[in-house]
Amino acid sequence: MKLYLVPTPIGNLDDITLRAIKILQGVDTILAEDTRTSGVLLRHLSINKPLHSYHIFNEHQTVQRLVNQMKEGKTLALVSDAGTPGISDPGFLLVRECIKNDIPVECLPGPTAFVPALVNSGLPNDRFTFEGFLPHKKGRQTRLAELAGEERTMVFYESPHRLLKTLQQFTEVFGPERPASVSRELTKLFEENQRGPLSELIAYFAQKTIKGEIVICVQGKEPSRGKAKRVYENDADDNEDDGEDD
Ligand code: SAM
């Protein structure tokens, strides 16, 4: 009785881990966001297991049935189309329901788009906030206004056809000089990481036909004077608890 969340490659098939393969070989059933997409990967790995669909449109209806299967002793693995299930992908509801029902849950470490994008960005990553997709319409301006004073680096997922509009809205909220990065097609043949002020990124992408999958990172607002400096290194002395709350 167990649920595994198994990350799958975000482009380069070599990024599947040895443990991910072992777990997928060992479970009773694999739940996939899109059985065709995951079928391609599983065939590539020569894994032949019952494959059932689990996506946002059937998530609510299927959770209880899946929980019952696990209570009967079955072990399931959830995969999404790419990356880590539950990260801007279905998974949260099932995990929550398993925890409520005392079913062990284990998420394997593995591919996800926001970590390489954040590290490639060269922006401070000692603290960051993962924002995923911004709301498309309702709530978008409110969310942006909430982020105006954010001091941590912000990480966003975006689709290619919204990239320019989003970067333009970012200049209105964060200013045109705010350092940012756009990572496109991570781990794929045409991977691209563009870094610079928002205004330069807009100028660059305005001349292009924008294709592929995209992560945007935006540096946070400079901390106001007197507030904690950014920490770039793990300095053992600084990390010792001296009992003082600074
Ligand atoms: N579960 C995935 C993860 O762990 O990153 C995210 C799934 S979400 C539905 C898809 C979004 O992730 C894309 O629109 C894009 O923003 C980002 N993404 C996924 N693969 C990517 C890649 N190879 N390069 C850049 N961004 C990627």
# chains A, B, ... in the order shown; residues from 1 in each chain; ligands from 1
>>> select_by_dssp(residues="segment 72-208 of chain A", states="alpha helix (DSSP H)", output="count of residues only")
46
>>> residues_around(residues="segment 20-23 of chain A", least_positions_apart="4", cutoff="8 Å", atoms="only C-alpha atoms", output="MDAnalysis selection string")
chainID A and resid 4 6:8 16 27 45 77 108
>>> write_last_selection(atoms="all heavy atoms", output="PDB file, in the first residue's frame")
ATOM      1  N   TYR A   4       3.553   6.441  -4.983  1.00  0.00           N
ATOM      2  CA  TYR A   4       4.798   7.079  -5.387  1.00  0.00           C
ATOM      3  C   TYR A   4       4.473   8.191  -6.372  1.00  0.00           C
ATOM      4  O   TYR A   4       3.631   7.999  -7.261  1.00  0.00           O
ATOM      5  CB  TYR A   4       5.724   6.098  -6.098  1.00  0.00           C
ATOM      6  CG  TYR A   4       6.399   5.101  -5.193  1.00  0.00           C
ATOM      7  CD1 TYR A   4       5.919   3.794  -5.088  1.00  0.00           C
ATOM      8  CD2 TYR A   4       7.535   5.452  -4.458  1.00  0.00           C
ATOM      9  CE1 TYR A   4       6.541   2.865  -4.267  1.00  0.00           C
ATOM     10  CE2 TYR A   4       8.162   4.530  -3.635  1.00  0.00           C
ATOM     11  CZ  TYR A   4       7.667   3.240  -3.544  1.00  0.00           C
ATOM     12  OH  TYR A   4       8.283   2.323  -2.732  1.00  0.00           O
ATOM     13  N   VAL A   6       6.375  10.052  -9.258  1.00  0.00           N
ATOM     14  CA  VAL A   6       7.614   9.783  -9.984  1.00  0.00           C
ATOM     15  C   VAL A   6       7.868  10.868 -11.037  1.00  0.00           C
ATOM     16  O   VAL A   6       7.133  10.967 -12.027  1.00  0.00           O
ATOM     17  CB  VAL A   6       7.550   8.383 -10.658  1.00  0.00           C
ATOM     18  CG1 VAL A   6       8.842   8.097 -11.408  1.00  0.00           C
ATOM     19  CG2 VAL A   6       7.287   7.297  -9.622  1.00  0.00           C
ATOM     20  N   PRO A   7       8.894  11.694 -10.816  1.00  0.00           N
ATOM     21  CA  PRO A   7       9.217  12.719 -11.804  1.00  0.00           C
ATOM     22  C   PRO A   7       9.719  12.091 -13.104  1.00  0.00           C
ATOM     23  O   PRO A   7      10.409  11.068 -13.076  1.00  0.00           O
ATOM     24  CB  PRO A   7      10.334  13.534 -11.133  1.00  0.00           C
ATOM     25  CG  PRO A   7      10.251  13.204  -9.674  1.00  0.00           C
ATOM     26  CD  PRO A   7       9.763  11.785  -9.623  1.00  0.00           C
ATOM     27  N   THR A   8       9.361  12.699 -14.218  1.00  0.00           N
ATOM     28  CA  THR A   8       9.802  12.205 -15.531  1.00  0.00           C
ATOM     29  C   THR A   8      10.490  13.361 -16.271  1.00  0.00           C
ATOM     30  O   THR A   8      10.313  14.528 -15.917  1.00  0.00           O
ATOM     31  CB  THR A   8       8.593  11.684 -16.339  1.00  0.00           C
ATOM     32  OG1 THR A   8       7.599  12.714 -16.379  1.00  0.00           O
ATOM     33  CG2 THR A   8       8.001  10.429 -15.721  1.00  0.00           C
ATOM     34  N   ILE A  16      15.716  10.627 -16.704  1.00  0.00           N
ATOM     35  CA  ILE A  16      14.965   9.730 -15.808  1.00  0.00           C
ATOM     36  C   ILE A  16      15.988   9.109 -14.842  1.00  0.00           C
ATOM     37  O   ILE A  16      17.106   8.799 -15.239  1.00  0.00           O
ATOM     38  CB  ILE A  16      14.205   8.625 -16.604  1.00  0.00           C
ATOM     39  CG1 ILE A  16      13.257   7.832 -15.705  1.00  0.00           C
ATOM     40  CG2 ILE A  16      15.136   7.683 -17.334  1.00  0.00           C
ATOM     41  CD1 ILE A  16      11.885   8.401 -15.629  1.00  0.00           C
ATOM     42  N   VAL A  27       5.587  -1.129  -9.448  1.00  0.00           N
ATOM     43  CA  VAL A  27       4.241  -0.815  -8.941  1.00  0.00           C
ATOM     44  C   VAL A  27       3.167  -1.661  -9.644  1.00  0.00           C
ATOM     45  O   VAL A  27       3.420  -2.264 -10.685  1.00  0.00           O
ATOM     46  CB  VAL A  27       3.908   0.700  -9.102  1.00  0.00           C
ATOM     47  CG1 VAL A  27       4.850   1.546  -8.243  1.00  0.00           C
ATOM     48  CG2 VAL A  27       3.943   1.127 -10.562  1.00  0.00           C
ATOM     49  N   LEU A  45      11.348   2.922 -22.053  1.00  0.00           N
ATOM     50  CA  LEU A  45      12.016   2.285 -20.905  1.00  0.00           C
ATOM     51  C   LEU A  45      11.695   0.790 -20.817  1.00  0.00           C
ATOM     52  O   LEU A  45      12.097   0.123 -19.876  1.00  0.00           O
ATOM     53  CB  LEU A  45      11.567   2.970 -19.599  1.00  0.00           C
ATOM     54  CG  LEU A  45      11.879   4.459 -19.454  1.00  0.00           C
ATOM     55  CD1 LEU A  45      11.185   5.040 -18.227  1.00  0.00           C
ATOM     56  CD2 LEU A  45      13.389   4.685 -19.366  1.00  0.00           C
ATOM     57  N   ALA A  77       1.862   4.437  -8.868  1.00  0.00           N
ATOM     58  CA  ALA A  77       2.818   5.512  -9.165  1.00  0.00           C
ATOM     59  C   ALA A  77       2.095   6.550 -10.010  1.00  0.00           C
ATOM     60  O   ALA A  77       1.397   6.186 -10.966  1.00  0.00           O
ATOM     61  CB  ALA A  77       4.013   4.973  -9.940  1.00  0.00           C
ATOM     62  N   LEU A 108       9.636  10.912  -5.389  1.00  0.00           N
ATOM     63  CA  LEU A 108      11.052  10.743  -5.726  1.00  0.00           C
ATOM     64  C   LEU A 108      11.622  12.090  -6.164  1.00  0.00           C
ATOM     65  O   LEU A 108      10.914  12.874  -6.799  1.00  0.00           O
ATOM     66  CB  LEU A 108      11.198   9.749  -6.888  1.00  0.00           C
ATOM     67  CG  LEU A 108      11.330   8.268  -6.523  1.00  0.00           C
ATOM     68  CD1 LEU A 108      10.174   7.787  -5.681  1.00  0.00           C
ATOM     69  CD2 LEU A 108      11.445   7.423  -7.779  1.00  0.00           C
TER      70      LEU A 108
END
>>> residues_near_ligand(ligand="ligand 1", cutoff="9 Å", atoms="only C-alpha atoms and all ligand atoms", output="PDB file with C-alpha atoms, in the first residue's frame")
ATOM      1  CA  PRO A   7       9.217  12.719 -11.804  1.00  0.00           C
ATOM      2  CA  THR A   8       9.802  12.205 -15.531  1.00  0.00           C
ATOM      3  CA  PRO A   9      12.069  14.102 -17.967  1.00  0.00           C
ATOM      4  CA  ILE A  10      11.176  17.652 -19.028  1.00  0.00           C
ATOM      5  CA  GLY A  11      12.800  17.089 -22.413  1.00  0.00           C
ATOM      6  CA  ASN A  12      15.933  14.986 -22.295  1.00  0.00           C
ATOM      7  CA  SER A  80       2.681  13.696 -15.209  1.00  0.00           C
ATOM      8  CA  ASP A  81       3.447  14.618 -18.816  1.00  0.00           C
ATOM      9  CA  ALA A  82       6.789  16.040 -17.721  1.00  0.00           C
ATOM     10  CA  GLY A  83       8.591  16.929 -14.526  1.00  0.00           C
ATOM     11  CA  THR A  84       7.372  16.375 -11.001  1.00  0.00           C
ATOM     12  CA  PRO A  85       3.692  15.487 -10.471  1.00  0.00           C
ATOM     13  CA  GLY A  86       1.941  18.024  -8.261  1.00  0.00           C
ATOM     14  CA  ILE A  87       4.142  20.912  -9.445  1.00  0.00           C
ATOM     15  CA  SER A  88       1.714  22.883 -11.655  1.00  0.00           C
ATOM     16  CA  ASP A  89       0.302  19.451 -12.455  1.00  0.00           C
ATOM     17  CA  PRO A  90      -2.306  17.139 -10.880  1.00  0.00           C
ATOM     18  CA  GLY A 110      13.956  14.215 -10.116  1.00  0.00           C
ATOM     19  CA  PRO A 111      13.292  16.507 -13.047  1.00  0.00           C
ATOM     20  CA  THR A 112      11.301  19.691 -12.642  1.00  0.00           C
ATOM     21  CA  ALA A 113      11.593  22.862 -14.719  1.00  0.00           C
ATOM     22  CA  PHE A 114      11.816  25.515 -12.046  1.00  0.00           C
ATOM     23  CA  VAL A 115      15.059  24.363 -10.388  1.00  0.00           C
ATOM     24  CA  PRO A 116      17.341  24.498 -13.464  1.00  0.00           C
ATOM     25  CA  ALA A 117      15.648  27.748 -14.569  1.00  0.00           C
ATOM     26  CA  GLY A 132       3.756  28.735 -11.180  1.00  0.00           C
ATOM     27  CA  PHE A 133       1.264  30.024 -13.775  1.00  0.00           C
ATOM     28  CA  PHE A 156       6.852  31.759 -13.086  1.00  0.00           C
ATOM     29  CA  TYR A 157       5.725  29.191 -15.626  1.00  0.00           C
ATOM     30  CA  GLU A 158       4.461  30.699 -18.871  1.00  0.00           C
ATOM     31  CA  SER A 159       3.307  29.657 -22.307  1.00  0.00           C
ATOM     32  CA  PRO A 160       5.128  31.010 -25.373  1.00  0.00           C
ATOM     33  CA  VAL A 182      13.737  33.576 -19.551  1.00  0.00           C
ATOM     34  CA  SER A 183      14.617  29.884 -19.830  1.00  0.00           C
ATOM     35  CA  ARG A 184      13.218  28.135 -22.861  1.00  0.00           C
ATOM     36  CA  GLU A 185      13.241  24.440 -23.802  1.00  0.00           C
ATOM     37  CA  LEU A 186      15.332  23.386 -20.803  1.00  0.00           C
ATOM     38  CA  THR A 187      17.281  20.139 -21.306  1.00  0.00           C
ATOM     39  CA  LYS A 188      16.250  20.061 -24.994  1.00  0.00           C
ATOM     40  CA  GLU A 191      17.707  25.179 -24.760  1.00  0.00           C
ATOM     41  CA  GLU A 192      18.063  28.924 -24.311  1.00  0.00           C
ATOM     42  CA  GLY A 212       8.577  25.980 -26.681  1.00  0.00           C
ATOM     43  CA  GLU A 213       8.219  25.781 -22.934  1.00  0.00           C
ATOM     44  CA  ILE A 214       9.175  28.700 -20.755  1.00  0.00           C
ATOM     45  CA  VAL A 215      10.157  29.607 -17.197  1.00  0.00           C
ATOM     46  CA  ILE A 216      10.591  33.258 -16.200  1.00  0.00           C
TER      47      ILE A 216
END
>>> closest_atom_pairs(of="segment 159-227 of chain A", to="segment 134-153 of chain A", cutoff="9 Å", atoms="only C-alpha atoms", output="CSV")
residue,atom,partner,partner_atom,distance
A:Gln169,CA,A:Leu144,CA,8.4
A:Phe170,CA,A:Leu144,CA,7.9
A:Val173,CA,A:Ala148,CA,5.8
A:Phe174,CA,A:Ala148,CA,6.2
A:Ala180,CA,A:Thr153,CA,9.0
A:Cys217,CA,A:Thr153,CA,6.8
A:Val218,CA,A:Thr153,CA,5.6
A:Gln219,CA,A:Thr153,CA,4.4
A:Gly220,CA,A:Glu151,CA,4.0
A:Lys221,CA,A:Glu151,CA,4.5
A:Glu222,CA,A:Glu151,CA,6.2
A:Pro223,CA,A:Glu151,CA,6.2
>>> residues_around(residues="Ala203 of chain A", least_positions_apart="6", cutoff="12 Å", atoms="only C-alpha atoms", output="ChimeraX atom specification")
/A:164,167-168,176,194,196-197
>>> atom_distance(atom1="atom CA of Glu172 of chain A", atom2="atom CA of Arg127 of chain A")
23.5 Å
>>> select_by_dssp(residues="segment 18-221 of chain A", states="strand (DSSP E)", output="PyMOL selection string")
chain A and resi 29-32+51-53+75-79+105-107+128-133+153-158+179-184+192-197+214-218
>>> closest_residue(among="A:Gly26, A:Arg36, A:Gly91, A:Glu72", to="Cys107 of chain A", atoms="only C-alpha atoms")
A:Gly91
>>> atom_distance(atom1="atom CA of Ile103 of chain A", atom2="atom CA of Thr62 of chain A")
16.0 Å
>>> closest_residue(among="A:Arg96, A:His55, A:Arg65, A:Arg43", to="Leu78 of chain A", atoms="only C-alpha atoms")
A:His55
>>> atom_distance(atom1="atom CA of Asn120 of chain A", atom2="atom CA of Asn193 of chain A")
7.1 Å
